[in-house]
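One structure is given below, encoded as structure tokens.
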Amino acid sequence: RVRWSMYLILGLVAALGAWQTYQIESAVRHRLKNEELQELLHQHHLAVERMGRHLLAQGQPVVPSLGLVPQPRASLATELKDDDRRQLRLNMLLLDPDLQLFDFSPSLETLYLNWQRQRQKVWPLLAQKADEKPGANDRSKVPSAVMPKQSRSALNELHALNALVELDVLLADVSYVSEQVRYGTQQRAARVRHLVHIIGFMVGLVVLALVVFVAEPLVRMIKNQHRKQQDLYKDFMQLALVAQRTQNWVLVTDPNRNVVWCNEAFSKSHGQS
């Protein structure tokens, strides 16, 4: 019974240790994914700010001290393409069932949907600005004789202003999503720490049970066996002393009836030793 109890408790200790190792490895894996997610959100935030600066710089006088230097439209198109690739990885991480961010931050799902809707609303405006040819100014839609140059410039500025307003909303959505992702990450890390502490406490209880229900009975059993062996040895010594000093003949033979030992009375009677 003691042996099977020891096997059972050692099995529990091994299972708890494996579970704890899995939780720690999962925590490390989640931390790496969360760091990548935070970095991608930060890069997306910076990219949206750069797009806003591109829109501000277009059509403005050159003021290097303020950063209002006209940017080539190719740079805006490059920003859009780079951010599209970045967005794919962001969606994969946010929707990753292993991270379970929506479970730890219920409002993150709503913010994520708002962010995606706002992005779908802003991106066509930015793509339109990126695809415009320099100096086109919507001439294909309205003849230059009908719309003066000042009117075309005012229309372009209005489109840029509309895109900037939508970009501001998008920046706010990105900030909200980043905050909720950070909150969800903290909640998951707290849960993992709690689980690790619980596992450590359970391992301590199992070790205590191993001491109480296995080690202690085993020690008592060994002590009892040792005491019985000592008592049996004393009995054998007393019996050997009686057999040696008695006046009766005492012989000890092997299975082949060969004499192995005899007492003094037998030796004196037969003159043999």
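Simple scheme: letters A, B, ... for chains in structure tokens order, numbers from 1 for residues in each chain, numbers from 1 for ligands in the order shown.
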>> List as a list in words the protein and nucleic acid residues near Asp103 (chain A), meaning an atom at most 12 Å away when only C-alpha atoms are counted, but skip any in the same chain fewer than 3 places from it.
In response: Leu94, Leu95, Asp96, Pro97, Asp98, Leu99, Gln100, Pro106, Ser107, Leu108, Glu109, Gln180, Val181, Tyr183, Gly184, Thr185, Gln187 and Arg188 of chain A
Any chance you can output those residues with N, CA, C and O atoms as a PDB file, in the first residue's frame?
```
ATOM      1  N   LEU A  94      -4.314  39.639 -33.483  1.00  0.00           N
ATOM      2  CA  LEU A  94      -5.486  40.034 -32.698  1.00  0.00           C
ATOM      3  C   LEU A  94      -6.536  38.931 -32.651  1.00  0.00           C
ATOM      4  O   LEU A  94      -7.230  38.765 -31.644  1.00  0.00           O
ATOM      5  N   LEU A  95      -6.657  38.180 -33.735  1.00  0.00           N
ATOM      6  CA  LEU A  95      -7.643  37.101 -33.797  1.00  0.00           C
ATOM      7  C   LEU A  95      -7.055  35.741 -33.432  1.00  0.00           C
ATOM      8  O   LEU A  95      -7.736  34.719 -33.581  1.00  0.00           O
ATOM      9  N   ASP A  96      -5.815  35.725 -32.958  1.00  0.00           N
ATOM     10  CA  ASP A  96      -5.162  34.474 -32.594  1.00  0.00           C
ATOM     11  C   ASP A  96      -5.880  33.847 -31.396  1.00  0.00           C
ATOM     12  O   ASP A  96      -5.958  34.460 -30.320  1.00  0.00           O
ATOM     13  N   PRO A  97      -6.442  32.635 -31.532  1.00  0.00           N
ATOM     14  CA  PRO A  97      -7.139  32.022 -30.389  1.00  0.00           C
ATOM     15  C   PRO A  97      -6.207  31.678 -29.243  1.00  0.00           C
ATOM     16  O   PRO A  97      -6.660  31.488 -28.113  1.00  0.00           O
ATOM     17  N   ASP A  98      -4.921  31.594 -29.524  1.00  0.00           N
ATOM     18  CA  ASP A  98      -3.978  31.287 -28.454  1.00  0.00           C
ATOM     19  C   ASP A  98      -3.827  32.456 -27.486  1.00  0.00           C
ATOM     20  O   ASP A  98      -3.652  32.263 -26.285  1.00  0.00           O
ATOM     21  N   LEU A  99      -3.911  33.688 -28.004  1.00  0.00           N
ATOM     22  CA  LEU A  99      -3.783  34.863 -27.133  1.00  0.00           C
ATOM     23  C   LEU A  99      -5.074  35.153 -26.361  1.00  0.00           C
ATOM     24  O   LEU A  99      -5.023  35.611 -25.221  1.00  0.00           O
ATOM     25  N   GLN A 100      -6.230  34.924 -27.000  1.00  0.00           N
ATOM     26  CA  GLN A 100      -7.533  35.127 -26.346  1.00  0.00           C
ATOM     27  C   GLN A 100      -7.676  36.562 -25.814  1.00  0.00           C
ATOM     28  O   GLN A 100      -8.134  36.780 -24.699  1.00  0.00           O
ATOM     29  N   PRO A 106     -13.187  42.539 -22.957  1.00  0.00           N
ATOM     30  CA  PRO A 106     -14.429  42.451 -23.746  1.00  0.00           C
ATOM     31  C   PRO A 106     -14.636  43.636 -24.677  1.00  0.00           C
ATOM     32  O   PRO A 106     -15.198  43.474 -25.762  1.00  0.00           O
ATOM     33  N   SER A 107     -14.209  44.841 -24.271  1.00  0.00           N
ATOM     34  CA  SER A 107     -14.425  46.013 -25.127  1.00  0.00           C
ATOM     35  C   SER A 107     -13.474  46.054 -26.319  1.00  0.00           C
ATOM     36  O   SER A 107     -13.663  46.870 -27.236  1.00  0.00           O
ATOM     37  N   LEU A 108     -12.457  45.190 -26.329  1.00  0.00           N
ATOM     38  CA  LEU A 108     -11.490  45.208 -27.430  1.00  0.00           C
ATOM     39  C   LEU A 108     -12.146  44.812 -28.750  1.00  0.00           C
ATOM     40  O   LEU A 108     -11.796  45.355 -29.804  1.00  0.00           O
ATOM     41  N   GLU A 109     -13.108  43.902 -28.710  1.00  0.00           N
ATOM     42  CA  GLU A 109     -13.744  43.461 -29.950  1.00  0.00           C
ATOM     43  C   GLU A 109     -14.483  44.609 -30.613  1.00  0.00           C
ATOM     44  O   GLU A 109     -14.389  44.809 -31.832  1.00  0.00           O
ATOM     45  N   GLN A 180      -6.336  48.756 -24.974  1.00  0.00           N
ATOM     46  CA  GLN A 180      -7.068  47.547 -24.620  1.00  0.00           C
ATOM     47  C   GLN A 180      -6.221  46.295 -24.806  1.00  0.00           C
ATOM     48  O   GLN A 180      -6.331  45.344 -24.019  1.00  0.00           O
ATOM     49  N   VAL A 181      -5.362  46.290 -25.823  1.00  0.00           N
ATOM     50  CA  VAL A 181      -4.448  45.152 -25.991  1.00  0.00           C
ATOM     51  C   VAL A 181      -3.492  45.080 -24.805  1.00  0.00           C
ATOM     52  O   VAL A 181      -3.212  43.988 -24.277  1.00  0.00           O
ATOM     53  N   TYR A 183      -4.100  46.201 -21.829  1.00  0.00           N
ATOM     54  CA  TYR A 183      -4.888  45.759 -20.676  1.00  0.00           C
ATOM     55  C   TYR A 183      -5.140  44.254 -20.721  1.00  0.00           C
ATOM     56  O   TYR A 183      -4.992  43.545 -19.713  1.00  0.00           O
ATOM     57  N   GLY A 184      -5.513  43.743 -21.913  1.00  0.00           N
ATOM     58  CA  GLY A 184      -5.734  42.302 -22.041  1.00  0.00           C
ATOM     59  C   GLY A 184      -4.467  41.507 -21.779  1.00  0.00           C
ATOM     60  O   GLY A 184      -4.504  40.435 -21.170  1.00  0.00           O
ATOM     61  N   THR A 185      -3.328  42.040 -22.232  1.00  0.00           N
ATOM     62  CA  THR A 185      -2.053  41.364 -21.983  1.00  0.00           C
ATOM     63  C   THR A 185      -1.752  41.305 -20.494  1.00  0.00           C
ATOM     64  O   THR A 185      -1.296  40.276 -19.976  1.00  0.00           O
ATOM     65  N   GLN A 187      -3.930  41.387 -18.067  1.00  0.00           N
ATOM     66  CA  GLN A 187      -4.862  40.463 -17.428  1.00  0.00           C
ATOM     67  C   GLN A 187      -4.450  39.009 -17.659  1.00  0.00           C
ATOM     68  O   GLN A 187      -4.507  38.182 -16.742  1.00  0.00           O
ATOM     69  N   ARG A 188      -3.998  38.699 -18.860  1.00  0.00           N
ATOM     70  CA  ARG A 188      -3.567  37.329 -19.135  1.00  0.00           C
ATOM     71  C   ARG A 188      -2.308  36.988 -18.350  1.00  0.00           C
ATOM     72  O   ARG A 188      -2.171  35.875 -17.829  1.00  0.00           O
TER      73      ARG A 188
END
```
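A straight line drawn from CA of Asp173 (chain A) to CA of Trp115 (chain A) is 5.4 Å long.
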>> Need to verify the contact set: region 200-211 of chain A, 7 Å, only C-alpha atoms, exclusion of same-chain residues closer than 6 positions in sequence. Can you return it as a list in words?
In response: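 Once the nearby chain positions are removed, what remains is Met6, Ile9, Val13 and Leu16 of chain A.
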> Near Gln43 (chain A), within 10 Å and counting only C-alpha atoms, which residues show up once chain neighbours fewer than 5 positions away are dropped, as a PyMOL selection string?
Replying inline: chain A and resi 37-38+48-49+83+86
What does the file look like for those residues with C-alpha atoms, as an mmCIF file, in the first residue's frame?
```
data_model
loop_
_atom_site.group_PDB
_atom_site.id
_atom_site.type_symbol
_atom_site.label_atom_id
_atom_site.label_comp_id
_atom_site.auth_asym_id
_atom_site.auth_seq_id
_atom_site.Cartn_x
_atom_site.Cartn_y
_atom_site.Cartn_z
ATOM 1 C CA LEU A 37 1.596 42.977 -31.549
ATOM 2 C CA GLN A 38 2.498 46.111 -29.595
ATOM 3 C CA VAL A 48 -0.827 56.968 -39.977
ATOM 4 C CA GLU A 49 0.956 60.025 -38.591
ATOM 5 C CA ASP A 83 0.718 49.213 -43.853
ATOM 6 C CA ARG A 86 1.433 45.103 -41.543
#
```
